[in-house]
$ cat target-v4.cif   # mmCIF, C-alpha atoms and all ligand atoms
data_entry
#
loop_
_atom_site.label_atom_id
_atom_site.label_comp_id
_atom_site.auth_asym_id
_atom_site.auth_seq_id
_atom_site.Cartn_x
_atom_site.Cartn_y
_atom_site.Cartn_z
CA MET A 1260 -14.40 8.32 -10.93
CA ALA A 1261 -11.89 8.94 -13.72
CA LYS A 1262 -9.40 11.68 -13.05
CA LYS A 1263 -7.53 13.94 -15.43
CA THR A 1264 -4.01 12.66 -15.89
CA ILE A 1265 -0.64 13.97 -16.99
CA GLU A 1266 -1.65 13.00 -20.53
CA ASP A 1267 -4.28 15.75 -20.47
CA VAL A 1268 -1.70 18.55 -20.14
CA ALA A 1269 0.58 20.21 -22.72
CA TRP A 1270 3.77 20.21 -20.69
CA ARG A 1271 6.52 21.90 -22.69
CA GLY A 1272 8.01 24.70 -20.60
CA LYS A 1273 5.56 24.14 -17.75
CA ARG A 1274 6.54 23.39 -14.16
CA ALA A 1275 5.06 20.09 -12.98
CA LEU A 1276 4.83 20.07 -9.18
CA VAL A 1277 4.66 16.34 -8.45
CA ARG A 1278 3.84 14.81 -5.06
CA VAL A 1279 5.52 11.41 -4.96
CA ASP A 1280 5.81 8.92 -2.11
CA PHE A 1281 9.56 8.47 -1.69
CA ASN A 1282 9.08 7.28 1.89
CA VAL A 1283 11.51 4.39 1.40
CA PRO A 1284 13.13 2.20 4.03
CA MET A 1285 16.75 3.09 4.89
CA ASN A 1286 19.35 1.38 7.07
CA ASP A 1287 21.40 3.09 9.80
CA ALA A 1288 24.04 4.08 7.25
CA GLY A 1289 21.37 6.06 5.34
CA GLU A 1290 21.31 3.58 2.45
CA ILE A 1291 18.02 2.81 0.70
CA THR A 1292 17.14 -0.84 1.32
CA ASP A 1293 14.14 -1.04 -1.03
CA ASP A 1294 13.65 1.42 -3.89
CA THR A 1295 10.31 0.03 -5.13
CA ARG A 1296 8.49 3.29 -4.47
CA ILE A 1297 11.11 5.32 -6.33
CA ARG A 1298 10.95 2.99 -9.34
CA ALA A 1299 7.15 3.11 -9.24
CA ALA A 1300 7.29 6.89 -9.83
CA LEU A 1301 9.62 6.65 -12.85
CA PRO A 1302 6.92 6.29 -15.55
CA THR A 1303 5.39 9.62 -14.44
CA ILE A 1304 8.73 11.38 -14.15
CA THR A 1305 10.03 10.20 -17.52
CA TYR A 1306 6.74 11.03 -19.26
CA LEU A 1307 7.01 14.57 -17.89
CA THR A 1308 10.68 15.05 -18.79
CA ASP A 1309 10.14 13.50 -22.24
CA HIS A 1310 7.35 16.04 -22.82
CA GLY A 1311 9.52 19.00 -21.86
CA ALA A 1312 8.21 19.71 -18.37
CA ARG A 1313 10.37 21.12 -15.58
CA VAL A 1314 9.75 18.58 -12.86
CA VAL A 1315 9.63 19.60 -9.20
CA LEU A 1316 9.25 16.57 -6.91
CA MET A 1317 8.08 16.73 -3.33
CA SER A 1318 7.80 13.93 -0.79
CA HIS A 1319 7.96 13.10 2.87
CA LEU A 1320 10.35 10.61 4.43
CA GLY A 1321 9.56 9.07 7.80
CA ARG A 1322 7.91 11.02 10.58
CA PRO A 1323 10.20 13.93 11.57
CA LYS A 1324 7.32 15.59 13.48
CA GLY A 1325 7.42 18.99 11.82
CA GLU A 1326 11.10 19.73 12.48
CA ARG A 1327 14.21 19.65 10.34
CA ASN A 1328 16.10 16.44 11.11
CA GLU A 1329 18.97 15.35 8.85
CA LYS A 1330 18.20 11.71 9.59
CA TYR A 1331 15.11 12.16 7.44
CA SER A 1332 16.75 14.12 4.62
CA LEU A 1333 15.75 13.17 1.07
CA ARG A 1334 19.25 13.93 -0.25
CA PRO A 1335 20.17 10.19 -0.55
CA VAL A 1336 16.95 9.67 -2.49
CA ALA A 1337 17.94 12.40 -4.97
CA GLU A 1338 21.29 10.65 -5.50
CA HIS A 1339 19.53 7.33 -6.01
CA LEU A 1340 17.07 8.88 -8.44
CA GLN A 1341 19.95 10.33 -10.44
CA GLY A 1342 21.34 6.80 -10.74
CA LEU A 1343 18.03 5.58 -12.14
CA LEU A 1344 17.51 8.53 -14.52
CA LYS A 1345 20.89 8.50 -16.23
CA ASP A 1346 20.06 10.92 -19.07
CA THR A 1347 18.30 13.48 -16.89
CA HIS A 1348 19.74 16.09 -14.54
CA VAL A 1349 18.39 15.50 -11.05
CA PHE A 1350 18.95 18.43 -8.68
CA PHE A 1351 18.31 18.61 -4.94
CA VAL A 1352 17.57 21.62 -2.75
CA ASP A 1353 17.76 21.36 1.02
CA ASP A 1354 14.42 22.99 1.76
CA CYS A 1355 10.92 22.70 0.32
CA ILE A 1356 9.77 26.36 0.45
CA GLY A 1357 11.49 29.75 0.52
CA ASP A 1358 13.81 31.82 -1.67
CA ALA A 1359 16.50 29.17 -2.22
CA VAL A 1360 13.83 26.78 -3.44
CA LYS A 1361 12.24 29.39 -5.72
CA ALA A 1362 15.68 30.12 -7.19
CA ALA A 1363 16.36 26.41 -7.77
CA VAL A 1364 13.02 26.04 -9.55
CA ALA A 1365 13.71 29.13 -11.67
CA ASP A 1366 17.07 27.64 -12.73
CA LEU A 1367 15.43 24.50 -14.17
CA THR A 1368 15.31 24.06 -17.92
CA ASP A 1369 12.88 21.83 -19.81
CA GLY A 1370 13.37 18.17 -18.95
CA ASN A 1371 15.24 18.79 -15.66
CA VAL A 1372 14.19 17.30 -12.32
CA LEU A 1373 14.46 18.92 -8.88
CA LEU A 1374 13.74 17.03 -5.65
CA LEU A 1375 12.79 19.22 -2.70
CA GLU A 1376 13.71 18.44 0.91
CA ASN A 1377 11.27 16.53 3.15
CA VAL A 1378 7.91 18.34 3.34
CA ARG A 1379 7.41 17.02 6.89
CA PHE A 1380 10.20 19.31 8.13
CA TYR A 1381 7.34 21.83 8.40
CA ALA A 1382 4.57 21.28 10.95
CA GLY A 1383 2.06 22.78 8.50
CA GLU A 1384 2.41 19.77 6.21
CA GLU A 1385 0.49 17.29 8.34
CA LYS A 1386 -1.89 20.05 9.53
CA ASN A 1387 -2.73 20.82 5.90
CA ASN A 1388 -1.86 24.46 6.59
CA PRO A 1389 -3.16 26.66 3.72
CA ASP A 1390 -0.16 29.01 3.80
CA LEU A 1391 2.20 26.08 3.33
CA ALA A 1392 -0.03 24.69 0.58
CA LYS A 1393 0.08 28.10 -1.18
CA ALA A 1394 3.87 28.22 -0.82
CA PHE A 1395 4.08 24.80 -2.51
CA ALA A 1396 1.67 25.93 -5.23
CA GLU A 1397 4.02 28.81 -6.15
CA LEU A 1398 6.57 26.22 -7.29
CA GLY A 1399 4.48 24.76 -10.11
CA ASP A 1400 2.04 25.48 -12.93
CA VAL A 1401 0.22 22.16 -12.60
CA PHE A 1402 0.05 19.83 -9.58
CA VAL A 1403 0.49 16.11 -10.21
CA GLY A 1404 -0.71 13.72 -7.50
CA ASP A 1405 1.29 10.49 -7.77
CA ALA A 1406 1.82 9.59 -4.09
CA PHE A 1407 -0.72 6.79 -3.76
CA GLY A 1408 1.02 5.55 -0.58
CA THR A 1409 0.21 8.88 1.10
CA ALA A 1410 -3.17 9.50 -0.58
CA HIS A 1411 -5.02 8.64 2.64
CA ARG A 1412 -3.47 11.68 4.31
CA ALA A 1413 -5.08 15.11 3.86
CA HIS A 1414 -1.81 17.02 4.04
CA ALA A 1415 -0.61 20.30 2.50
CA SER A 1416 1.45 18.55 -0.20
CA THR A 1417 -1.09 15.79 -0.99
CA ALA A 1418 -4.43 17.61 -0.91
CA GLY A 1419 -4.11 21.26 0.22
CA VAL A 1420 -1.89 22.33 -2.67
CA ALA A 1421 -4.48 21.07 -5.20
CA GLU A 1422 -6.80 23.93 -4.21
CA TYR A 1423 -4.41 26.45 -5.75
CA LEU A 1424 -3.34 24.74 -9.00
CA PRO A 1425 -4.86 22.69 -11.81
CA SER A 1426 -4.41 19.13 -10.50
CA VAL A 1427 -4.06 15.84 -12.36
CA ALA A 1428 -3.12 12.25 -11.55
CA GLY A 1429 0.25 10.68 -12.34
CA PHE A 1430 0.52 7.21 -13.86
CA LEU A 1431 1.10 5.43 -10.53
CA MET A 1432 -1.94 7.04 -8.93
CA GLN A 1433 -3.97 6.26 -12.04
CA LYS A 1434 -2.92 2.59 -11.98
CA GLU A 1435 -3.44 2.06 -8.25
CA VAL A 1436 -6.89 3.63 -8.22
CA GLY A 1437 -7.80 2.17 -11.61
CA VAL A 1438 -6.88 -1.48 -10.96
CA MET A 1439 -8.22 -1.64 -7.41
CA GLY A 1440 -11.26 0.48 -8.24
CA GLU A 1441 -12.17 -1.74 -11.20
CA ALA A 1442 -11.79 -4.89 -9.07
CA LEU A 1443 -14.19 -3.46 -6.50
CA ALA A 1444 -16.69 -1.98 -8.94
CA ASN A 1445 -16.70 -4.35 -11.87
CA PRO A 1446 -14.62 -7.50 -11.24
CA ALA A 1447 -14.17 -10.33 -13.71
CA ARG A 1448 -15.76 -13.30 -11.89
CA PRO A 1449 -15.26 -15.40 -9.91
CA PHE A 1450 -13.85 -12.71 -7.62
CA VAL A 1451 -11.92 -14.18 -4.69
CA ALA A 1452 -10.46 -12.09 -1.88
CA ILE A 1453 -7.95 -13.39 0.63
CA ILE A 1454 -7.64 -11.51 3.89
CA GLY A 1455 -5.11 -12.26 6.60
CA GLY A 1456 -2.90 -10.53 9.11
CA ALA A 1457 -2.93 -10.31 12.84
CA LYS A 1458 -6.27 -8.84 13.87
CA VAL A 1459 -9.91 -8.81 12.89
CA SER A 1460 -10.27 -5.32 14.34
CA ASP A 1461 -7.77 -3.89 11.81
CA LYS A 1462 -9.75 -5.21 8.86
CA ILE A 1463 -13.44 -5.10 9.85
CA SER A 1464 -14.24 -2.37 7.34
CA VAL A 1465 -12.34 -4.13 4.55
CA ILE A 1466 -14.29 -7.35 5.14
CA GLU A 1467 -17.58 -5.44 5.35
CA ASN A 1468 -16.87 -3.68 2.09
CA LEU A 1469 -15.71 -6.83 0.27
CA LEU A 1470 -18.37 -9.32 1.39
CA PRO A 1471 -21.17 -8.00 -0.83
CA LYS A 1472 -18.80 -7.87 -3.82
CA VAL A 1473 -16.86 -11.16 -3.73
CA ASP A 1474 -17.81 -14.70 -4.68
CA ALA A 1475 -15.57 -16.09 -1.94
CA LEU A 1476 -13.66 -14.57 0.95
CA LEU A 1477 -10.78 -16.66 2.29
CA ILE A 1478 -9.65 -15.76 5.78
CA GLY A 1479 -6.30 -16.81 7.22
CA GLY A 1480 -3.64 -15.48 9.59
CA GLY A 1481 -4.12 -14.60 13.22
CA MET A 1482 -7.52 -13.06 12.49
CA ALA A 1483 -8.96 -16.44 11.44
CA ASN A 1484 -8.58 -17.63 15.04
CA THR A 1485 -11.21 -15.21 16.29
CA PHE A 1486 -13.69 -16.44 13.64
CA LEU A 1487 -12.91 -20.06 14.56
CA ALA A 1488 -13.37 -19.29 18.27
CA VAL A 1489 -16.79 -17.78 17.52
CA GLN A 1490 -17.73 -21.02 15.80
CA GLY A 1491 -17.04 -22.90 19.00
CA TYR A 1492 -13.48 -24.13 18.44
CA ASP A 1493 -11.08 -24.08 21.37
CA MET A 1494 -8.19 -22.03 19.97
CA ALA A 1495 -6.06 -22.79 23.06
CA LYS A 1496 -3.07 -20.38 23.22
CA SER A 1497 -3.71 -18.83 19.77
CA LEU A 1498 -4.09 -15.11 19.26
CA VAL A 1499 -7.85 -14.55 19.71
CA GLU A 1500 -9.30 -11.07 20.06
CA ALA A 1501 -11.92 -11.35 22.77
CA ASP A 1502 -13.16 -7.83 21.99
CA ALA A 1503 -13.71 -8.64 18.33
CA LYS A 1504 -15.77 -11.80 18.80
CA GLU A 1505 -19.08 -9.98 18.43
CA THR A 1506 -17.81 -8.31 15.27
CA ALA A 1507 -16.64 -11.62 13.86
CA GLU A 1508 -20.08 -13.04 14.49
CA LYS A 1509 -21.70 -10.12 12.66
CA LEU A 1510 -19.36 -10.59 9.71
CA LEU A 1511 -20.28 -14.28 9.51
CA GLN A 1512 -23.96 -13.21 9.43
CA LEU A 1513 -23.21 -10.61 6.76
CA ALA A 1514 -21.59 -13.29 4.61
CA LYS A 1515 -24.78 -15.37 4.88
CA GLN A 1516 -26.95 -12.37 3.97
CA HIS A 1517 -24.94 -11.77 0.83
CA ASN A 1518 -24.60 -15.44 -0.03
CA SER A 1519 -20.82 -15.00 -0.14
CA ARG A 1520 -18.79 -18.01 0.80
CA LEU A 1521 -16.56 -17.16 3.75
CA LEU A 1522 -13.89 -19.84 4.09
CA LEU A 1523 -11.90 -20.35 7.27
CA PRO A 1524 -8.91 -22.65 7.87
CA THR A 1525 -9.84 -26.28 8.49
CA ASP A 1526 -6.33 -27.14 9.63
CA VAL A 1527 -3.44 -25.14 11.06
CA VAL A 1528 0.23 -25.37 11.91
CA ALA A 1529 0.21 -25.44 15.70
CA ALA A 1530 3.24 -24.53 17.80
CA LYS A 1531 4.04 -24.71 21.49
CA ALA A 1532 5.59 -21.22 21.49
CA PHE A 1533 5.70 -18.05 19.38
CA ALA A 1534 9.27 -18.74 18.26
CA ALA A 1535 11.06 -19.61 15.03
CA ASP A 1536 12.37 -22.89 16.48
CA ALA A 1537 9.20 -23.87 18.36
CA GLU A 1538 8.07 -27.47 18.22
CA HIS A 1539 5.13 -27.60 15.76
CA ALA A 1540 2.69 -29.96 14.09
CA VAL A 1541 -0.28 -29.87 11.71
CA ARG A 1542 -3.64 -30.11 13.52
CA LYS A 1543 -7.27 -29.90 12.53
CA ALA A 1544 -8.57 -26.48 13.62
CA SER A 1545 -10.84 -28.35 16.04
CA GLU A 1546 -8.03 -30.38 17.61
CA LEU A 1547 -5.51 -27.91 19.04
CA GLU A 1548 -3.87 -29.12 22.23
CA ALA A 1549 -4.19 -26.97 25.33
CA ASP A 1550 -0.61 -25.66 25.15
CA GLU A 1551 -0.62 -24.90 21.39
CA MET A 1552 -1.18 -21.84 19.21
CA ALA A 1553 -2.10 -21.66 15.52
CA LEU A 1554 0.67 -19.85 13.60
CA ASP A 1555 -0.10 -20.77 9.98
CA ILE A 1556 -2.79 -22.37 7.84
CA GLY A 1557 -2.32 -26.11 7.32
CA PRO A 1558 -1.86 -28.16 4.09
CA ALA A 1559 -5.55 -29.02 3.61
CA THR A 1560 -6.46 -25.33 3.91
CA ILE A 1561 -3.66 -24.42 1.50
CA GLN A 1562 -5.13 -26.86 -1.00
CA THR A 1563 -8.64 -25.42 -0.64
CA PHE A 1564 -7.41 -21.84 -0.91
CA GLU A 1565 -5.21 -22.71 -3.91
CA SER A 1566 -8.09 -24.25 -5.82
CA GLU A 1567 -10.27 -21.17 -5.10
CA ILE A 1568 -7.51 -18.93 -6.42
CA LEU A 1569 -6.81 -21.07 -9.48
CA GLY A 1570 -10.51 -20.99 -10.41
CA ALA A 1571 -10.82 -17.20 -10.06
CA LYS A 1572 -10.72 -14.38 -12.61
CA THR A 1573 -10.01 -11.65 -10.06
CA VAL A 1574 -7.93 -12.26 -6.95
CA LEU A 1575 -7.30 -9.64 -4.30
CA TRP A 1576 -4.96 -10.34 -1.37
CA ASN A 1577 -4.26 -8.39 1.79
CA GLY A 1578 -2.46 -9.79 4.83
CA PRO A 1579 -0.30 -12.88 5.51
CA MET A 1580 -1.74 -16.34 6.29
CA GLY A 1581 0.61 -16.90 9.19
CA VAL A 1582 3.72 -15.69 10.96
CA PHE A 1583 5.60 -15.66 7.67
CA GLU A 1584 8.63 -13.95 9.20
CA MET A 1585 9.47 -17.39 10.68
CA PRO A 1586 10.16 -20.02 7.97
CA ALA A 1587 8.31 -22.77 9.87
CA PHE A 1588 5.08 -20.72 9.63
CA ALA A 1589 5.50 -19.16 6.19
CA LYS A 1590 4.23 -21.96 3.94
CA GLY A 1591 0.61 -20.76 3.82
CA THR A 1592 1.58 -17.21 2.88
CA PHE A 1593 4.00 -18.30 0.16
CA ALA A 1594 1.47 -20.81 -1.21
CA ILE A 1595 -0.99 -17.93 -1.75
CA ALA A 1596 1.72 -15.91 -3.50
CA ASP A 1597 2.59 -18.87 -5.75
CA ALA A 1598 -1.03 -19.65 -6.63
CA MET A 1599 -1.62 -16.00 -7.53
CA ALA A 1600 1.52 -16.03 -9.67
CA LYS A 1601 0.17 -19.05 -11.57
CA VAL A 1602 -3.46 -18.11 -12.20
CA ASN A 1603 -4.55 -16.42 -15.39
CA ALA A 1604 -6.56 -13.66 -13.72
CA THR A 1605 -6.32 -10.09 -12.52
CA THR A 1606 -4.18 -10.43 -9.40
CA ILE A 1607 -3.86 -7.61 -6.92
CA VAL A 1608 -1.71 -7.52 -3.83
CA GLY A 1609 -2.81 -4.72 -1.53
CA GLY A 1610 -0.06 -3.30 0.58
CA GLY A 1611 1.87 -4.11 3.72
CA ASP A 1612 3.13 -7.56 4.63
CA SER A 1613 1.60 -9.36 1.66
CA VAL A 1614 3.73 -7.20 -0.64
CA ALA A 1615 6.82 -8.16 1.34
CA ALA A 1616 5.75 -11.80 0.96
CA VAL A 1617 5.35 -11.70 -2.85
CA GLU A 1618 8.70 -9.96 -3.09
CA GLN A 1619 10.38 -12.59 -0.90
CA ALA A 1620 8.73 -15.29 -2.99
CA GLY A 1621 10.17 -13.63 -6.11
CA VAL A 1622 6.77 -13.41 -7.83
CA ALA A 1623 5.97 -9.68 -7.58
CA ASP A 1624 6.40 -9.27 -11.34
CA LYS A 1625 3.84 -12.02 -11.97
CA MET A 1626 1.04 -9.99 -10.35
CA SER A 1627 -1.22 -7.60 -12.26
CA HIS A 1628 -0.74 -5.06 -9.53
CA VAL A 1629 1.29 -4.78 -6.34
CA SER A 1630 0.20 -1.73 -4.40
CA THR A 1631 2.78 0.78 -3.15
CA GLY A 1632 0.52 1.79 -0.26
CA GLY A 1633 -0.11 -0.12 2.96
CA GLY A 1634 -2.45 2.16 4.90
CA ALA A 1635 -3.68 3.78 1.68
CA SER A 1636 -4.66 0.49 0.02
CA LEU A 1637 -6.38 -0.65 3.20
CA GLU A 1638 -8.48 2.53 3.29
CA PHE A 1639 -9.18 2.20 -0.43
CA LEU A 1640 -10.37 -1.39 0.08
CA GLU A 1641 -12.55 -0.15 2.93
CA GLY A 1642 -14.35 1.95 0.32
CA LYS A 1643 -13.14 5.25 1.76
CA THR A 1644 -12.49 8.30 -0.38
CA LEU A 1645 -8.79 9.10 -0.22
CA PRO A 1646 -8.13 12.86 0.16
CA GLY A 1647 -5.13 12.73 -2.18
CA VAL A 1648 -7.36 11.26 -4.90
CA ALA A 1649 -10.40 13.44 -4.23
CA ALA A 1650 -8.21 16.54 -4.62
CA LEU A 1651 -7.50 15.75 -8.29
CA GLU A 1652 -9.75 17.01 -11.10
CA ASP A 1653 -12.32 14.69 -12.63
CA LYS A 1654 -12.19 14.05 -16.36
N1 LIG A 1701 -1.62 -16.94 13.38
C1 LIG A 1701 -0.98 -15.83 13.72
N2 LIG A 1701 -0.70 -15.58 15.01
C2 LIG A 1701 -0.03 -14.45 15.34
N3 LIG A 1701 0.39 -13.51 14.46
C3 LIG A 1701 0.12 -13.73 13.17
C4 LIG A 1701 -0.57 -14.88 12.73
N4 LIG A 1701 -0.68 -14.82 11.40
C5 LIG A 1701 -0.10 -13.68 11.00
N5 LIG A 1701 0.41 -13.02 12.05
C6 LIG A 1701 1.18 -11.76 12.02
O1 LIG A 1701 0.41 -10.71 11.48
C7 LIG A 1701 1.31 -9.70 11.05
C8 LIG A 1701 0.73 -8.95 9.89
O2 LIG A 1701 -0.51 -8.44 10.23
P1 LIG A 1701 -1.08 -7.10 9.61
O3 LIG A 1701 -0.20 -5.96 10.00
O4 LIG A 1701 -2.50 -7.07 9.99
O5 LIG A 1701 -0.93 -7.39 8.03
P2 LIG A 1701 -0.68 -6.38 6.83
O6 LIG A 1701 0.58 -5.60 7.12
O7 LIG A 1701 -0.50 -7.24 5.63
O8 LIG A 1701 -1.89 -5.51 6.76
C9 LIG A 1701 2.59 -10.41 10.67
O9 LIG A 1701 3.64 -9.82 11.40
C10 LIG A 1701 2.36 -11.85 11.08
O10 LIG A 1701 3.46 -12.41 11.74
O1 LIG A 1702 4.71 4.41 4.17
C1 LIG A 1702 3.58 4.88 4.19
O2 LIG A 1702 2.51 4.22 4.72
P1 LIG A 1702 2.38 2.59 4.74
O3 LIG A 1702 3.54 2.05 5.56
O4 LIG A 1702 1.04 2.35 5.42
O5 LIG A 1702 2.40 2.12 3.31
C2 LIG A 1702 3.27 6.21 3.56
O6 LIG A 1702 4.43 6.83 3.05
C3 LIG A 1702 2.53 7.11 4.54
O7 LIG A 1702 3.34 7.41 5.63
P2 LIG A 1702 2.68 7.82 7.03
O8 LIG A 1702 1.95 6.60 7.56
O9 LIG A 1702 3.83 8.26 7.91
O10 LIG A 1702 1.69 8.95 6.75
#
$ encode --input "target-v4.cif" --output "structure tokens"
Amino acid sequence: MAKKTIEDVAWRGKRALVRVDFNVPMNDAGEITDDTRIRAALPTITYLTDHGARVVLMSHLGRPKGERNEKYSLRPVAEHLQGLLKDTHVFFVDDCIGDAVKAAVADLTDGNVLLLENVRFYAGEEKNNPDLAKAFAELGDVFVGDAFGTAHRAHASTAGVAEYLPSVAGFLMQKEVGVMGEALANPARPFVAIIGGAKVSDKISVIENLLPKVDALLIGGGMANTFLAVQGYDMAKSLVEADAKETAEKLLQLAKQHNSRLLLPTDVVAAKAFAADAEHAVRKASELEADEMALDIGPATIQTFESEILGAKTVLWNGPMGVFEMPAFAKGTFAIADAMAKVNATTIVGGGDSVAAVEQAGVADKMSHVSTGGGASLEFLEGKTLPGVAALEDK
């Protein structure tokens, strides 16, 4: 459902209380190692400052468990944001509620930005405590939900606060929900989805939700082994989830019911150990040796998957095709990234390791959309309503 956005508000002089997801990775020295999520929030922030709003940003960082912990301070993020927004004053206040925060908000002039300290320094945040939500609401005139990466959490700063203020979507939230929602509801066809990653059990609901909608579902990664085992292949030492075999069988039936083509690897890269330097060879999926494990899809499977992708008009990808952290088993994953970069279609990379893979392959900017949410995009692809989206007003 379409949500009101920041374009539906007259901002001059108003305080925009914006929930962003600045939960960025940092090294031990407290340096930001990937600022993708900060950059992804810039269109919303600059629209608001350009339109004369006083912008109050709130976010979490890590999981400080409801207590103040300097290791999880957002101060370095404020400094980084100032570097990105050269013509804008970015202020930081070392709390997210209370008198000092109210004073810092009152000091803002039109077009200024203030980043609050980590909202997870308060236990009420993750409990969606109404008093904390009200205290946040006092800091703004309009709430802007732009933290797609945290939209699957019903927390005080993502959902609770929206009960006390007019609430609209930011541009990032609008794009994430718009592009993925359109692909699920009304895809240009053929619609091909590629699902990988370690386990079937993590992605049952995603597969269930996609099967009736897609023209073809390509399955790779560790999870393909369980499907192959169900079909009678001896997967030898491969990762196979014994507990998920029944589920895999049901999903194969579901594919038949919906006439969706579910494609599994026909060949794999088989290794004698789960190690970067393990001896390895290409094998048919039916011909693994007793001491081998499948750690990537093989060249024939790559070719099949590539031609499916190149013939598609919508491609959605979630989860690596193999143990792509080890170069010997990364070819399948990078081949998917490259094929998606080439095809003239709507291409969506949904969260987690597949995003890391398109970034490593240097093709992130060739995709129509690279999601900033791992868990959130997974829940969205499962067809769940995300609390941080539901909290925003419909158009
Ligand atoms: N054939 C395989 N055997 C064992 N592990 C695998 C295999 N293929 C992929 N993996 C592992 O799965 C992990 C990613 O799985 P998952 O967390 O489900 O994906 P995502 O983060 O994209 O949702 C990666 O660390 C990768 O090494
Ligand atoms: O990084 C996040 O999730 P993700 O790693 O699933 O994308 C979000 O900021 C949510 O964080 P959380 O999983 O601690 O609630």
$ residues_around --input "target-v4.cif" --residues "segment 1283-1293 of chain A" --least-positions-apart "4" --cutoff "8 Å" --atoms "all atoms listed in the file" --output "VMD selection string"
chain A and resid 1297 1320 1330 1335 to 1336
$ residues_around --input "target-v4.cif" --residues "Val1473 of chain A" --least-positions-apart "5" --cutoff "8 Å" --atoms "all atoms listed in the file" --output "ChimeraX atom specification"
/A:1449-1452,1519
$ atom_distance --input "target-v4.cif" --atom1 "atom CA of Ala1514 of chain A" --atom2 "atom CA of Ile1454 of chain A"
14.1 Å
$ residues_near_ligand --input "target-v4.cif" --ligand "ligand LIG 1701 (chain A)" --cutoff "6 Å" --atoms "all atoms listed in the file" --output "NGL selection string"
:A and (1456-1458 or 1480-1481 or 1498 or 1553-1555 or 1577-1584 or 1611-1613)
$ residues_near_ligand --input "target-v4.cif" --ligand "ligand LIG 1702 (chain A)" --cutoff "10 Å" --atoms "only C-alpha atoms and all ligand atoms" --output "compact mmCIF listing (two decimals) with C-alpha atoms, in the coordinates of the input"
# COMPACT_ATOMS: atom_id res chain seq x y z
CA VAL A 1279 5.52 11.41 -4.96
CA ASP A 1280 5.81 8.92 -2.11
CA PHE A 1281 9.56 8.47 -1.69
CA ASN A 1282 9.08 7.28 1.89
CA VAL A 1283 11.51 4.39 1.40
CA PRO A 1284 13.13 2.20 4.03
CA ARG A 1296 8.49 3.29 -4.47
CA SER A 1318 7.80 13.93 -0.79
CA HIS A 1319 7.96 13.10 2.87
CA LEU A 1320 10.35 10.61 4.43
CA GLY A 1321 9.56 9.07 7.80
CA ARG A 1322 7.91 11.02 10.58
CA PRO A 1323 10.20 13.93 11.57
CA LYS A 1324 7.32 15.59 13.48
CA ARG A 1379 7.41 17.02 6.89
CA GLU A 1385 0.49 17.29 8.34
CA ALA A 1406 1.82 9.59 -4.09
CA PHE A 1407 -0.72 6.79 -3.76
CA GLY A 1408 1.02 5.55 -0.58
CA THR A 1409 0.21 8.88 1.10
CA ALA A 1410 -3.17 9.50 -0.58
CA HIS A 1411 -5.02 8.64 2.64
CA ARG A 1412 -3.47 11.68 4.31
CA ALA A 1413 -5.08 15.11 3.86
CA HIS A 1414 -1.81 17.02 4.04
CA GLY A 1609 -2.81 -4.72 -1.53
CA GLY A 1610 -0.06 -3.30 0.58
CA GLY A 1611 1.87 -4.11 3.72
CA ASP A 1612 3.13 -7.56 4.63
CA SER A 1630 0.20 -1.73 -4.40
CA THR A 1631 2.78 0.78 -3.15
CA GLY A 1632 0.52 1.79 -0.26
CA GLY A 1633 -0.11 -0.12 2.96
CA GLY A 1634 -2.45 2.16 4.90
CA ALA A 1635 -3.68 3.78 1.68
CA SER A 1636 -4.66 0.49 0.02
CA LEU A 1637 -6.38 -0.65 3.20
CA GLU A 1638 -8.48 2.53 3.29
$ atom_distance --input "target-v4.cif" --atom1 "atom CA of Tyr1381 of chain A" --atom2 "atom CA of Pro1425 of chain A"
23.6 Å
$ closest_residue --input "target-v4.cif" --among "A:Ile1561, A:Val1378, A:Ala1396, A:Ala1261" --to "Arg1274 of chain A" --atoms "all atoms listed in the file"
A:Ala1396
$ atom_distance --input "target-v4.cif" --atom1 "atom CA of Met1317 of chain A" --atom2 "atom CA of Leu1374 of chain A"
6.1 Å
$ residues_around --input "target-v4.cif" --residues "Phe1350 of chain A" --least-positions-apart "6" --cutoff "10 Å" --atoms "all atoms listed in the file" --output "number ranges by chain"
A: 1315, 1334, 1337-1338, 1340-1341, 1363-1364, 1367, 1371-1375
$ closest_residue --input "target-v4.cif" --among "A:Asp1502, A:Glu1435, A:Asp1400, A:Glu1546" --to "Val1629 of chain A" --atoms "all atoms listed in the file"
A:Glu1435
$ axis_aligned_box --input "target-v4.cif" --around "segment 1618-1631 of chain A" --padding-each-side "6 Å" --output "AutoDock Vina command-line options"
--center_x 4.6 --center_y -7.3 --center_z -6.6 --size_x 23.6 --size_y 28.1 --size_z 23.4
$ closest_residue --input "target-v4.cif" --among "A:Val1436, A:Leu1521, A:Val1602, A:Ile1466" --to "Leu1645 of chain A" --atoms "only C-alpha atoms"
A:Val1436
